[in-house]
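See structure below.
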Amino acid sequence: MKTILSLGIVRGVLAGLAGTAAGVGLTVLGRWAMGMTPWSEGPVFTIAIFVGVFAYLIGAGVFNYWARWMIGQRPPEEGPPPGPAWRRYFSVDTNHKVIGVQYFVTAMTFLPFAVALQVMGRLDLTKLYPAFLANGTYESVISDHGIVMLFIVAVPAFGGLMNYLIPLMIGARDVAFPHLNAFTFWLVPAAGLLAVFSLAAGGFDTGWTVYPPLSSTFQKVGMNLILIGVFLAGLSSILTAVNILATIIKMRAPGMTLFRMPVFVWSSLATTGLSLLFTQFIAVAFLLVLLEKQFGLSFFRPEGGGQPLLYQYLFWFYSHPAVYIFVLPGLGIISDLVPLFSNKPLFGYRGVAISSPGIAIGGVFVFAHHMFAAGIPAAMRVPFMVTTLLVAIPTGVKVFAWAATMWMGRIRITTPLLFVLSAILVFLIGGLTGIPLGVVPTDLYLHDTYFVVGHFHATLFGGFLLPAMAAVYFWYPKVTGRMLSDRLGRRQWLAMTLGVGLLVIPLLGLGLLGMRRRVADYALGLGMQPLHIITAVGGLLVFGGVAIMVVNIVRSLKHGEVAGSNPWGARTLEWQTSSPPPEHNFAKIPQVIGQPDVYGVPGEDYTVAPGRGPGEAA
Amino acid sequence: MRRSGRGHLIAMGIVAAVLSAVLFYFFFRTNIIPLPASRERGEIDTFLRVMFAIGSVFFAIIVTVYSYSLIFFRRPRADAAPPARGNPALEMTWTLVPLAIVIGLSAVGGAVLARMGQAAPQTELQVNVSAFRFGWRFTYPQYGNIASATLELQVDRRVHFEIQSLDVVHSFWVQELGPKQDAVPGMTTELYITPTKTGDYLVECSQLCGYGHTLMVAPVHVVSAADFESWASQQPKPTPTPTAPSTVPAPSTTINLVARNIAFDLSVITVPAGKMITVNFDNQDQSVPHNFAAYIDQFATTPIFVGQIITGPAKTTYTFTAPVQPGRYLFRCDVHPTTMTGTLVVQ
């Protein structure tokens, strides 16, 4: 009992609950003292949740270091704490590898929840039995699916990969700001729990876009939880971006010029640049909705002088670049794995490297393409159509370069490569279906139909989930020292590839048939039901794939084959140290003299002095 | 397997050509989008097919390269020359060709958009659209402001929609007629559509507006010019909006209340204090939900009675106890709180 109580996460959650209760008490007391009605659900819970989150952070011990430093005490020792090794993963720790694992495992914990939500919605829409989700509940379920997937799964999953891999890949001993790093991680579980509890607090039937006045007028407390949760996740995202950017720019190993970085680092640079500059827009937009909803201020309500479209601009300033925040790291993973398993250099490394910032910069100028039908000035639709289509070019550069890399290569089919190939195929579907959505006349038909849903899911399955699965199979041996089971891996790959195909293609078809998105029901007899049934089967297969992954990850911790420091024969620096890497990554910082991607060319070395683990060969 | 690089390229080119031909056929010959019924939908469909055709060529080439490589380039080849690390000419090609296509698509897209907005030679039909949670109301200013819960349009006559929302963001969309346009509170948005086929369709709200979003639909009838004129002449002209009631009807414990065209037939209901009241409620609006609800205050925060919502055409009977305190209270339809309100007088 005492051992459990000493874990940061347990103390944090308990303190959070106590803080929320105290916040409720104080707010009620304050309202009573000021002569207001003491109990009013919305404002009371809003304030209480902020108090609760703060208490949770204090309870978890996030502020211990800074508190000691302020009162002039010596900060506690760095490094692994005494006791069993697993314990440090449940408490505040500043090692980037621990934080990376914490991020990724948190994301993967919420992933089955978010997938299950959508599977519920999908099963409801098959109409094979009476509807079990009421109108309103259905909308809440799919809205929560969107929010959890994007802000609690996608962003933290890649946050975890970047945290773990970037210092190793660039030959650094840790990230630039380790204490800030711990703080940013501990915001994520709080945001995640708020997003989950939102359903219990009445949900929110607004979609993940949370457009006011709907979100600020007709919603229960569940909406407040989401608004605060996403605000916290956004804060975490911004501060992580600061950290990763500083690390990449200032802490590269000697000899590692920008054009000697692995493509994953390039795409992380682009991603974190976008996060740093644009996350503030959604954080502000959500905060304004909260103030409008709960405290009667008026930003978006026309009765109070507000403008509903203002919110949509703010939202899409972030949420279009956000799509690239979700997919760029995935494209980076693909770009690093294709040359390795083709045993051939990446075709046009510089072009691929530059295309990541290219996509990021291009993606900034396209926000209005989400609003072609929203009532923006008609003439402004054409320039935004042009900028939108231009993003296809750097994206195309990547897809062509991967194809040319495999062409005439010497391909080794491994589980990570299988996931990468499925990812490319699905991402290609996502990219090509984006074109009719970017062109105004066709978008006016396809907007807000299942075609958008299909396009977006193809993009995120191809750019986020499947590359993330490739990453799990590829880097698991580095993190744990053991391989994941290949047999389970291939089954998972099969389930997910089939599942994604069956899920995405019917969605696109439904959109063309005219199925509106976010509706809980549809008319029979229009040919839609078979497509809904197929897509539900696809959803179940994806869920099965996720389940296989969880089993594989847990089982292989004990039973996996011992990996050795470089089981794939990769060139990049993270493989030039032991698995798992030592506390500070490298015995000696390596000196970089070549390109990361030049596989299959004799005499082309990447490093001069690889700080190898004991008894390892290249 | 001893094929040279050129041999592989030719073989792969043939596969890619066959695959794109198949996809091309699929998108051009099968009816992937059903039922075009307007000039604008026609434009959209043609353009969509062109894009799918271009897309299928790219898709075919890329998928073929990957599959071909996976099948033929798996064994290590002893004779292999040092692998290519890049090819500036090729890289330039795959940057510039998509650029040209993209510029072409933008130009065509702009032109199609301009064509869709071109004025029609004949007089346009003006329809003002009000969107609200969770229904639609259409008024016809050229026809004495008649109001309707269904959208009646005349075939081959261009319609100018002016769209407003009474509460949250909605979106006006008739799938067969093509483009959609959001209804944004506080502003008026516009949409032009020329229906070309008579028939029955549906206006569907396509921007999530809350729990009733799914049901926010209204029937559309595109009819001939003669049928349209006769429909318009049969519609009752709207009565002026009731102002503050000067005459209060005698109190009664039984009230007959009709909801039709998103309006109640009574603006004042008088009931005796503290008595059990029966409301015979008749919702005559096809597939529009309504209810009867009474509140203490004008902001509807403290309910006296909230009746269950029924979707028309349907009838129901509500019973509730009138407040003991005489005075003026609010009654309304909760689905249409801004348009369907009245005064509940307790004597």
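Numbering starts fresh at 1 for the residues of each chain in the structure tokens, the chains themselves are lettered A, B, ... in the order given, and ligands are numbered from 1 as they appear.
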task: Just need the residues of chain A within 6 Å of chain B, counting only C-alpha atoms, so spit them out as JSON, numbers by chain.
output: {"A": [135, 136, 205, 213, 214, 302, 345, 347, 348, 373, 374, 375, 386, 389, 403, 407, 408, 409, 410, 411, 432, 439, 441, 442, 444, 445, 512, 513, 514, 516, 519, 520]}
- request: Please provide as a PyMOL selection string all residues within 12 Å of A:Gly544, with the sequence filter that same-chain residues fewer than 6 positions apart are discarded (counting only C-alpha atoms).
  value: chain A and resi 112+115-116+119+488+491-500+537-538+550-551
Pull all heavy atoms from the residues just selected and write them as a short mmCIF file (atom, residue, chain, number, x, y, z; two decimals), in the first residue's frame.
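Writing the result to again_10.cif gives the following:
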```
data_model
loop_
_atom_site.label_atom_id
_atom_site.label_comp_id
_atom_site.auth_asym_id
_atom_site.auth_seq_id
_atom_site.Cartn_x
_atom_site.Cartn_y
_atom_site.Cartn_z
N PRO A 112 -6.96 2.38 -27.33
CA PRO A 112 -8.09 1.43 -27.39
C PRO A 112 -9.40 2.07 -26.98
O PRO A 112 -10.45 1.78 -27.56
CB PRO A 112 -7.69 0.34 -26.38
CG PRO A 112 -6.23 0.46 -26.22
CD PRO A 112 -5.89 1.90 -26.45
N VAL A 115 -10.59 4.11 -29.99
CA VAL A 115 -11.03 3.24 -31.08
C VAL A 115 -12.36 2.59 -30.71
O VAL A 115 -13.28 2.52 -31.52
CB VAL A 115 -9.96 2.16 -31.39
CG1 VAL A 115 -10.46 1.22 -32.48
CG2 VAL A 115 -8.67 2.82 -31.86
N ALA A 116 -12.48 2.16 -29.43
CA ALA A 116 -13.71 1.52 -28.99
C ALA A 116 -14.90 2.46 -29.13
O ALA A 116 -15.99 2.04 -29.53
CB ALA A 116 -13.58 1.03 -27.56
N VAL A 119 -15.88 2.37 -32.68
CA VAL A 119 -16.48 1.09 -33.07
C VAL A 119 -17.93 1.06 -32.62
O VAL A 119 -18.82 0.60 -33.35
CB VAL A 119 -15.66 -0.07 -32.47
CG1 VAL A 119 -16.44 -1.37 -32.58
CG2 VAL A 119 -14.33 -0.20 -33.21
N LEU A 488 3.04 -12.55 -34.22
CA LEU A 488 1.92 -11.67 -33.85
C LEU A 488 1.95 -10.40 -34.68
O LEU A 488 0.92 -9.87 -35.08
CB LEU A 488 2.01 -11.32 -32.36
CG LEU A 488 1.57 -12.40 -31.37
CD1 LEU A 488 1.74 -11.89 -29.95
CD2 LEU A 488 0.11 -12.75 -31.63
N ARG A 491 0.39 -10.87 -38.01
CA ARG A 491 -1.08 -10.95 -37.88
C ARG A 491 -1.67 -9.56 -37.66
O ARG A 491 -2.69 -9.21 -38.24
CB ARG A 491 -1.46 -11.85 -36.72
CG ARG A 491 -1.33 -13.29 -37.12
CD ARG A 491 -1.69 -14.23 -36.03
NE ARG A 491 -1.17 -15.55 -36.40
CZ ARG A 491 -1.24 -16.60 -35.63
NH1 ARG A 491 -1.78 -16.51 -34.44
NH2 ARG A 491 -0.77 -17.75 -36.03
N GLN A 492 -0.99 -8.80 -36.80
CA GLN A 492 -1.49 -7.44 -36.55
C GLN A 492 -1.47 -6.63 -37.84
O GLN A 492 -2.41 -5.90 -38.15
CB GLN A 492 -0.62 -6.76 -35.48
CG GLN A 492 -1.18 -5.39 -35.10
CD GLN A 492 -0.18 -4.53 -34.41
OE1 GLN A 492 0.83 -5.00 -33.89
NE2 GLN A 492 -0.43 -3.24 -34.40
N TRP A 493 -0.38 -6.79 -38.60
CA TRP A 493 -0.27 -6.04 -39.85
C TRP A 493 -1.42 -6.41 -40.80
O TRP A 493 -2.07 -5.54 -41.38
CB TRP A 493 1.07 -6.35 -40.52
CG TRP A 493 1.13 -5.86 -41.93
CD1 TRP A 493 1.29 -4.58 -42.35
CD2 TRP A 493 0.98 -6.66 -43.11
NE1 TRP A 493 1.25 -4.51 -43.72
CE2 TRP A 493 1.07 -5.78 -44.21
CE3 TRP A 493 0.79 -8.01 -43.35
CZ2 TRP A 493 0.97 -6.22 -45.52
CZ3 TRP A 493 0.68 -8.46 -44.66
CH2 TRP A 493 0.78 -7.57 -45.73
N LEU A 494 -1.70 -7.71 -40.88
CA LEU A 494 -2.76 -8.16 -41.78
C LEU A 494 -4.11 -7.59 -41.33
O LEU A 494 -4.87 -7.04 -42.13
CB LEU A 494 -2.79 -9.69 -41.79
CG LEU A 494 -3.53 -10.32 -42.96
CD1 LEU A 494 -2.83 -9.98 -44.26
CD2 LEU A 494 -3.62 -11.83 -42.78
N ALA A 495 -4.39 -7.72 -40.03
CA ALA A 495 -5.67 -7.23 -39.50
C ALA A 495 -5.80 -5.73 -39.75
O ALA A 495 -6.86 -5.25 -40.18
CB ALA A 495 -5.77 -7.53 -38.01
N MET A 496 -4.73 -4.99 -39.50
CA MET A 496 -4.83 -3.54 -39.62
C MET A 496 -4.90 -3.10 -41.06
O MET A 496 -5.66 -2.19 -41.40
CB MET A 496 -3.65 -2.88 -38.93
CG MET A 496 -3.81 -2.83 -37.44
SD MET A 496 -2.74 -1.58 -36.76
CE MET A 496 -3.63 -1.16 -35.31
N THR A 497 -4.12 -3.73 -41.95
CA THR A 497 -4.14 -3.32 -43.35
C THR A 497 -5.52 -3.60 -43.95
O THR A 497 -6.13 -2.72 -44.57
CB THR A 497 -3.05 -4.06 -44.13
OG1 THR A 497 -1.82 -3.85 -43.46
CG2 THR A 497 -2.96 -3.55 -45.54
N LEU A 498 -6.00 -4.83 -43.73
CA LEU A 498 -7.35 -5.14 -44.21
C LEU A 498 -8.36 -4.20 -43.57
O LEU A 498 -9.23 -3.65 -44.24
CB LEU A 498 -7.70 -6.58 -43.82
CG LEU A 498 -7.30 -7.67 -44.79
CD1 LEU A 498 -7.70 -9.03 -44.22
CD2 LEU A 498 -7.98 -7.44 -46.13
N GLY A 499 -8.23 -4.03 -42.26
CA GLY A 499 -9.18 -3.21 -41.51
C GLY A 499 -9.21 -1.79 -42.04
O GLY A 499 -10.28 -1.23 -42.29
N VAL A 500 -8.04 -1.20 -42.25
CA VAL A 500 -7.99 0.18 -42.72
C VAL A 500 -8.60 0.29 -44.11
O VAL A 500 -9.37 1.21 -44.40
CB VAL A 500 -6.54 0.72 -42.69
CG1 VAL A 500 -6.46 2.05 -43.36
CG2 VAL A 500 -6.05 0.82 -41.26
N VAL A 537 -16.98 -3.53 -40.02
CA VAL A 537 -16.09 -4.69 -39.96
C VAL A 537 -14.64 -4.21 -39.96
O VAL A 537 -13.80 -4.68 -39.18
CB VAL A 537 -16.35 -5.63 -41.16
CG1 VAL A 537 -15.29 -6.71 -41.23
CG2 VAL A 537 -17.73 -6.24 -41.05
N GLY A 538 -14.35 -3.22 -40.83
CA GLY A 538 -13.00 -2.65 -40.85
C GLY A 538 -12.62 -2.09 -39.50
O GLY A 538 -11.50 -2.32 -39.01
N VAL A 550 -1.18 -4.66 -28.13
CA VAL A 550 -1.05 -4.57 -26.66
C VAL A 550 -0.53 -5.89 -26.10
O VAL A 550 0.41 -5.92 -25.29
CB VAL A 550 -2.41 -4.18 -26.04
CG1 VAL A 550 -2.34 -4.26 -24.52
CG2 VAL A 550 -2.82 -2.79 -26.48
N VAL A 551 -1.13 -7.01 -26.59
CA VAL A 551 -0.68 -8.33 -26.12
C VAL A 551 0.80 -8.52 -26.43
O VAL A 551 1.59 -8.94 -25.57
CB VAL A 551 -1.53 -9.43 -26.80
CG1 VAL A 551 -0.93 -10.80 -26.51
CG2 VAL A 551 -2.97 -9.36 -26.32
#
```
field: Backbone DSSP call of helix (DSSP H, G or I) for stretch 8-234 of chain A, listed as a ChimeraX atom specification
entry: /A:8-33,41-60,64-70,85-90,96-125,137-170,178-200,214-217,221-234
Taking a cut-off of 12 Å and counting only C-alpha atoms, can you build a table that, for each residue of stretch 46-134 of chain B near stretch 319-335 of chain B, reports the nearest atom pair and how far apart they are in Å (one decimal), sorted by chain then residue number, as CSV?
```
residue,atom,partner,partner_atom,distance
B:Ala131,CA,B:Val335,CA,11.8
B:Phe132,CA,B:Val335,CA,8.3
B:Arg133,CA,B:Val335,CA,6.1
B:Phe134,CA,B:Val335,CA,6.3
```
Dump N, CA, C and O atoms for the selected residues as a short mmCIF file (atom, residue, chain, number, x, y, z; two decimals), in the first residue's frame?
```cif
data_model
loop_
_atom_site.label_atom_id
_atom_site.label_comp_id
_atom_site.auth_asym_id
_atom_site.auth_seq_id
_atom_site.Cartn_x
_atom_site.Cartn_y
_atom_site.Cartn_z
N ALA B 131 -32.71 28.78 -40.75
CA ALA B 131 -32.34 27.51 -40.15
C ALA B 131 -32.39 27.67 -38.64
O ALA B 131 -32.02 28.73 -38.12
N PHE B 132 -32.89 26.67 -37.95
CA PHE B 132 -32.93 26.73 -36.49
C PHE B 132 -32.87 25.32 -35.97
O PHE B 132 -33.11 24.36 -36.71
N ARG B 133 -32.51 25.18 -34.68
CA ARG B 133 -32.50 23.85 -34.07
C ARG B 133 -33.93 23.37 -33.92
O ARG B 133 -34.66 23.95 -33.10
N PHE B 134 -34.46 22.36 -34.58
CA PHE B 134 -33.84 21.56 -35.60
C PHE B 134 -34.79 21.51 -36.76
O PHE B 134 -35.54 20.54 -36.92
#
```
field: Contacts of A:Trp186 at 12 Å (only C-alpha atoms; same-chain gap of 5+ positions) as a PyMOL selection string
entry: chain A and resi 8-9+12-13+53-54+56-63+89-94+99-100+102-103+106+156+179-181+191-193+232-233+235-237+239-240
Could you write out the selected residues, including N, CA, C and O atoms, as a short mmCIF file (atom, residue, chain, number, x, y, z; two decimals), in the first residue's frame?
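In the end it all went to part-v2.cif:
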```
data_model
loop_
_atom_site.label_atom_id
_atom_site.label_comp_id
_atom_site.auth_asym_id
_atom_site.auth_seq_id
_atom_site.Cartn_x
_atom_site.Cartn_y
_atom_site.Cartn_z
N GLY A 8 4.15 8.58 -8.24
CA GLY A 8 3.71 9.93 -8.58
C GLY A 8 2.31 9.96 -9.15
O GLY A 8 1.50 10.83 -8.81
N ILE A 9 1.98 8.98 -9.99
CA ILE A 9 0.69 9.04 -10.66
C ILE A 9 -0.44 8.85 -9.66
O ILE A 9 -1.46 9.54 -9.72
N GLY A 12 -0.69 11.93 -7.56
CA GLY A 12 -1.24 13.00 -8.40
C GLY A 12 -2.74 12.90 -8.54
O GLY A 12 -3.46 13.89 -8.34
N VAL A 13 -3.23 11.68 -8.86
CA VAL A 13 -4.67 11.53 -9.07
C VAL A 13 -5.43 11.79 -7.77
O VAL A 13 -6.45 12.49 -7.76
N VAL A 53 -6.52 20.30 -11.30
CA VAL A 53 -5.36 20.00 -12.15
C VAL A 53 -4.08 20.51 -11.47
O VAL A 53 -3.05 19.82 -11.46
N PHE A 54 -4.17 21.68 -10.88
CA PHE A 54 -3.00 22.23 -10.21
C PHE A 54 -2.60 21.34 -9.04
O PHE A 54 -1.41 21.02 -8.85
N TYR A 56 -3.21 18.19 -8.76
CA TYR A 56 -2.68 16.94 -9.33
C TYR A 56 -1.19 17.10 -9.67
O TYR A 56 -0.36 16.25 -9.36
N LEU A 57 -0.85 18.25 -10.29
CA LEU A 57 0.56 18.46 -10.66
C LEU A 57 1.43 18.53 -9.41
O LEU A 57 2.53 17.97 -9.37
N ILE A 58 0.92 19.24 -8.37
CA ILE A 58 1.69 19.34 -7.12
C ILE A 58 1.83 17.95 -6.49
O ILE A 58 2.92 17.52 -6.11
N GLY A 59 0.70 17.22 -6.45
CA GLY A 59 0.70 15.90 -5.83
C GLY A 59 1.65 14.95 -6.53
O GLY A 59 2.36 14.17 -5.90
N ALA A 60 1.68 15.01 -7.86
CA ALA A 60 2.56 14.12 -8.60
C ALA A 60 4.03 14.47 -8.37
O ALA A 60 4.92 13.66 -8.60
N GLY A 61 4.29 15.70 -7.94
CA GLY A 61 5.67 16.10 -7.65
C GLY A 61 6.33 16.83 -8.81
O GLY A 61 7.56 16.93 -8.87
N VAL A 62 5.52 17.36 -9.72
CA VAL A 62 6.08 18.02 -10.89
C VAL A 62 6.86 19.27 -10.50
O VAL A 62 7.88 19.61 -11.12
N PHE A 63 6.36 19.95 -9.45
CA PHE A 63 6.98 21.23 -9.10
C PHE A 63 8.10 21.10 -8.06
O PHE A 63 8.67 22.11 -7.66
N TYR A 89 8.80 4.82 -14.06
CA TYR A 89 7.88 5.16 -15.15
C TYR A 89 6.54 5.69 -14.64
O TYR A 89 5.75 6.24 -15.39
N PHE A 90 6.27 5.53 -13.35
CA PHE A 90 5.00 6.00 -12.79
C PHE A 90 5.18 7.24 -11.93
O PHE A 90 4.27 7.67 -11.26
N SER A 91 6.39 7.78 -11.93
CA SER A 91 6.65 8.97 -11.13
C SER A 91 7.33 10.02 -11.99
O SER A 91 7.73 9.75 -13.12
N VAL A 92 7.46 11.22 -11.42
CA VAL A 92 8.13 12.29 -12.15
C VAL A 92 9.59 11.92 -12.33
O VAL A 92 10.29 11.59 -11.38
N ASP A 93 10.05 11.93 -13.57
CA ASP A 93 11.43 11.58 -13.88
C ASP A 93 11.86 12.49 -15.01
O ASP A 93 11.06 12.87 -15.84
N THR A 94 13.15 12.85 -15.05
CA THR A 94 13.56 13.82 -16.06
C THR A 94 14.34 13.20 -17.20
O THR A 94 14.71 13.89 -18.14
N ILE A 99 10.64 9.64 -20.08
CA ILE A 99 9.51 10.49 -20.47
C ILE A 99 8.96 10.05 -21.83
O ILE A 99 7.75 10.01 -22.03
N GLY A 100 9.85 9.68 -22.74
CA GLY A 100 9.41 9.20 -24.04
C GLY A 100 8.49 7.99 -23.88
O GLY A 100 7.43 7.91 -24.49
N GLN A 102 6.86 7.16 -21.16
CA GLN A 102 5.63 7.60 -20.47
C GLN A 102 4.63 8.18 -21.47
O GLN A 102 3.45 7.83 -21.47
N TYR A 103 5.12 9.07 -22.35
CA TYR A 103 4.26 9.66 -23.38
C TYR A 103 3.62 8.58 -24.23
O TYR A 103 2.40 8.55 -24.43
N THR A 106 1.16 6.33 -22.45
CA THR A 106 -0.08 7.06 -22.18
C THR A 106 -0.94 7.10 -23.44
O THR A 106 -2.15 6.79 -23.40
N PRO A 156 0.59 13.10 -28.32
CA PRO A 156 1.51 12.50 -27.35
C PRO A 156 2.28 11.30 -27.89
O PRO A 156 3.43 11.09 -27.48
N HIS A 179 13.61 19.30 -17.03
CA HIS A 179 12.54 19.50 -16.05
C HIS A 179 11.26 19.99 -16.71
O HIS A 179 10.16 19.57 -16.36
N LEU A 180 11.42 20.87 -17.72
CA LEU A 180 10.27 21.31 -18.50
C LEU A 180 9.63 20.10 -19.18
O LEU A 180 8.41 19.99 -19.28
N ASN A 181 10.49 19.19 -19.62
CA ASN A 181 10.04 17.99 -20.31
C ASN A 181 9.10 17.18 -19.41
O ASN A 181 8.03 16.75 -19.85
N ALA A 191 -5.17 15.86 -19.10
CA ALA A 191 -6.02 16.17 -20.25
C ALA A 191 -6.79 14.93 -20.68
O ALA A 191 -7.99 15.01 -20.99
N GLY A 192 -6.12 13.79 -20.69
CA GLY A 192 -6.76 12.55 -21.11
C GLY A 192 -7.91 12.17 -20.20
O GLY A 192 -9.00 11.82 -20.66
N LEU A 193 -7.67 12.27 -18.88
CA LEU A 193 -8.73 11.90 -17.94
C LEU A 193 -9.92 12.84 -18.08
O LEU A 193 -11.08 12.40 -18.04
N LEU A 232 -4.99 22.25 -21.83
CA LEU A 232 -3.81 21.69 -21.16
C LEU A 232 -2.92 20.93 -22.16
O LEU A 232 -1.69 21.08 -22.17
N ALA A 233 -3.57 20.12 -23.02
CA ALA A 233 -2.80 19.37 -24.01
C ALA A 233 -2.07 20.34 -24.93
O ALA A 233 -0.92 20.10 -25.33
N LEU A 235 -1.01 23.40 -24.16
CA LEU A 235 0.11 23.96 -23.41
C LEU A 235 1.28 22.98 -23.43
O LEU A 235 2.43 23.36 -23.70
N SER A 236 0.96 21.70 -23.21
CA SER A 236 2.00 20.67 -23.22
C SER A 236 2.69 20.62 -24.58
O SER A 236 3.92 20.54 -24.68
N SER A 237 1.88 20.71 -25.63
CA SER A 237 2.40 20.61 -26.99
C SER A 237 3.35 21.77 -27.31
O SER A 237 4.42 21.59 -27.89
N LEU A 239 5.10 23.65 -25.15
CA LEU A 239 6.34 23.58 -24.38
C LEU A 239 7.24 22.44 -24.87
O LEU A 239 8.46 22.57 -24.90
N THR A 240 6.63 21.32 -25.27
CA THR A 240 7.43 20.24 -25.85
C THR A 240 8.13 20.73 -27.11
O THR A 240 9.29 20.40 -27.36
#
```
message: As an exercise, work out the distance from atom CA of B:His336 to atom CA of B:Thr139 in Å and give it to one decimal place.
response: 16.6 Å
